[in-house]
Amino acid sequence: MNKTLLSIGHGYSAQALARRLLPQGWRIIGTTRSADKTHEIAASGVEPLIWPGTDLEPLLDQIPNVLVSAGPGAEGDPVLNACETTMTRMAPGLRWVGYLSTTGVYGNHDGGWVDENTALTPATRRGVARMQAESRWQAIPELPLHIFRLAGIYGPGRGPFTKVKEGTARRIIKKDQVFSRIHVDDIAQALTLSLHHPTPGEIYNLCDDEPAPPQDVIAYAAALLGVPAPPEINIEDADMSPMARSFYAESKKVRNDRIKQALGWMPLYPSYRSGLAAILEGYG
């Protein structure tokens, strides 16, 4: 196996994957829009590349594995907008292409369960954009595409602890609201398994085993810190940005059986409780 990966949009999840792959002898090239981030990327052992602004075609001719983390914007998928012709031409020579999508493509199910066979009925603009991007990627002939639909991502540096410590966390209450989550290291573990055992055309949900109301997560973080839980605020009374409020437009529980059965994936952090405890202890 050619252990070379082009990581387009080398962000939080891709960085976690790199931490797993680099000790295994992988070479990773990670793109960033900002020249200011190149030193940080290089310090992690990943080769930085400023993109847009660099022609990816020569790289795609050499590198058989591609991870696409860059999300769609107002103009659609930025990678396909710039490279669809190149991707189409190079598709037969690629070994593995991973696209990081979101469980937001399923829309609202009033707290019910969804899996990879559930119809896509996104309820937000972001969810619609992701659904359209998935469709565009799937339309490329012979592309060895793997779609990963990620639940709410948390991990070191991205969790409730800072806000709880600062006293700015809130427990927003909406009746029957429930979310699924995924620790970033569990994303990295799943992507590694997929890279070693490609299944082109497959779609996998990535989430832990215990969907939970958001206020429970905040309360548990406070308990771990030994501080009082923030007071509850009814969503109708909460001062929230439109984006923050949009997260409460959808309520669902996401199943992860398919990737467990196909790749033998088991989450390192099967619930928010184990994930948060590991972060606080500096292990996760």
# chains A, B, ... in the order shown; residues from 1 in each chain; ligands from 1
>>> closest_atom_pairs(of="region 7-101 of chain A", to="region 193-202 of chain A", cutoff="12 Å", atoms="only C-alpha atoms", output="Markdown table")
| residue | atom | partner | partner_atom | distance |
| --- | --- | --- | --- | --- |
| A:Leu17 | CA | A:Leu195 | CA | 10.7 |
| A:Arg20 | CA | A:Leu193 | CA | 11.0 |
| A:Leu21 | CA | A:Leu195 | CA | 10.1 |
| A:Gln24 | CA | A:His196 | CA | 11.8 |
| A:Trp26 | CA | A:Leu195 | CA | 11.4 |
| A:Pro64 | CA | A:Leu195 | CA | 10.7 |
| A:Asn65 | CA | A:Leu195 | CA | 8.0 |
| A:Val66 | CA | A:Leu195 | CA | 9.8 |
| A:Leu67 | CA | A:Leu195 | CA | 10.0 |
| A:Ala91 | CA | A:Pro200 | CA | 11.6 |
| A:Pro92 | CA | A:Pro200 | CA | 11.8 |
| A:Leu94 | CA | A:Pro200 | CA | 10.8 |
| A:Arg95 | CA | A:Pro198 | CA | 7.9 |
| A:Trp96 | CA | A:Pro198 | CA | 6.5 |
| A:Val97 | CA | A:Pro200 | CA | 8.2 |
| A:Gly98 | CA | A:Leu195 | CA | 8.6 |
| A:Tyr99 | CA | A:Glu202 | CA | 10.8 |
>>> write_last_selection(atoms="N, CA and C atoms", output="mmCIF file, in the first residue's frame")
data_model
loop_
_atom_site.group_PDB
_atom_site.id
_atom_site.type_symbol
_atom_site.label_atom_id
_atom_site.label_comp_id
_atom_site.auth_asym_id
_atom_site.auth_seq_id
_atom_site.Cartn_x
_atom_site.Cartn_y
_atom_site.Cartn_z
ATOM 1 N N LEU A 17 -6.276 12.321 12.452
ATOM 2 C CA LEU A 17 -5.891 11.200 11.606
ATOM 3 C C LEU A 17 -4.377 11.198 11.381
ATOM 4 N N ARG A 20 -2.319 9.688 14.028
ATOM 5 C CA ARG A 20 -2.386 8.230 14.037
ATOM 6 C C ARG A 20 -1.531 7.620 12.921
ATOM 7 N N LEU A 21 -1.522 8.266 11.745
ATOM 8 C CA LEU A 21 -0.854 7.691 10.583
ATOM 9 C C LEU A 21 0.651 7.950 10.549
ATOM 10 N N GLN A 24 2.974 5.424 11.735
ATOM 11 C CA GLN A 24 2.922 4.211 10.930
ATOM 12 C C GLN A 24 3.710 4.366 9.620
ATOM 13 N N TRP A 26 3.442 6.966 7.356
ATOM 14 C CA TRP A 26 2.737 7.643 6.271
ATOM 15 C C TRP A 26 3.365 9.002 5.979
ATOM 16 N N PRO A 64 -2.279 8.282 -4.129
ATOM 17 C CA PRO A 64 -3.483 7.482 -4.371
ATOM 18 C C PRO A 64 -4.591 7.644 -3.337
ATOM 19 N N ASN A 65 -4.287 8.303 -2.210
ATOM 20 C CA ASN A 65 -5.261 8.427 -1.124
ATOM 21 C C ASN A 65 -5.543 9.905 -0.860
ATOM 22 N N VAL A 66 -6.828 10.249 -0.813
ATOM 23 C CA VAL A 66 -7.221 11.653 -0.662
ATOM 24 C C VAL A 66 -8.308 11.754 0.399
ATOM 25 N N LEU A 67 -8.110 12.643 1.362
ATOM 26 C CA LEU A 67 -9.140 12.954 2.356
ATOM 27 C C LEU A 67 -9.637 14.367 2.105
ATOM 28 N N ALA A 91 -9.698 9.786 -11.353
ATOM 29 C CA ALA A 91 -10.459 8.837 -10.527
ATOM 30 C C ALA A 91 -10.018 7.389 -10.679
ATOM 31 N N PRO A 92 -9.821 6.865 -11.909
ATOM 32 C CA PRO A 92 -9.466 5.446 -12.039
ATOM 33 C C PRO A 92 -8.129 5.079 -11.403
ATOM 34 N N LEU A 94 -6.941 6.468 -8.550
ATOM 35 C CA LEU A 94 -6.933 6.677 -7.110
ATOM 36 C C LEU A 94 -7.333 5.394 -6.383
ATOM 37 N N ARG A 95 -6.818 5.239 -5.184
ATOM 38 C CA ARG A 95 -7.101 4.040 -4.388
ATOM 39 C C ARG A 95 -8.217 4.270 -3.369
ATOM 40 N N TRP A 96 -8.210 5.463 -2.725
ATOM 41 C CA TRP A 96 -9.144 5.741 -1.625
ATOM 42 C C TRP A 96 -9.399 7.236 -1.594
ATOM 43 N N VAL A 97 -10.670 7.613 -1.587
ATOM 44 C CA VAL A 97 -11.059 9.006 -1.391
ATOM 45 C C VAL A 97 -12.074 9.034 -0.260
ATOM 46 N N GLY A 98 -11.762 9.767 0.791
ATOM 47 C CA GLY A 98 -12.677 9.920 1.915
ATOM 48 C C GLY A 98 -13.269 11.309 1.920
ATOM 49 N N TYR A 99 -14.582 11.379 2.057
ATOM 50 C CA TYR A 99 -15.260 12.677 2.127
ATOM 51 C C TYR A 99 -15.950 12.794 3.478
#
>>> residues_around(residues="Ala238 (chain A)", least_positions_apart="5", cutoff="12 Å", atoms="only C-alpha atoms", output="NGL selection string")
:A and (170-174 or 231-233 or 244-245 or 248)
>>> closest_residue(among="A:Ala169, A:Leu56, A:Ile63, A:Val128", to="Ile218 (chain A)", atoms="only C-alpha atoms")
A:Ala169
>>> closest_residue(among="A:Ala278, A:Leu100, A:Met243, A:Val184", to="Ile153 (chain A)", atoms="only C-alpha atoms")
A:Val184
>>> closest_residue(among="A:Met240, A:Val178, A:Ala16, A:Leu60", to="Glu210 (chain A)", atoms="only C-alpha atoms")
A:Val178
>>> select_by_dssp(residues="region 3-245 of chain A", states="helix (DSSP H, G or I)", output="ChimeraX atom specification")
/A:12-24,35-43,57-60,78-93,103-106,125-138,161-166,184-196,214-225,235-237,242-245
>>> select_by_dssp(residues="region 29-161 of chain A", states="strand (DSSP E or B)", output="VMD selection string")
chain A and resid 29 to 32 47 to 50 65 to 68 73 76 96 to 102 113 to 114 145 to 150 152 to 155 158
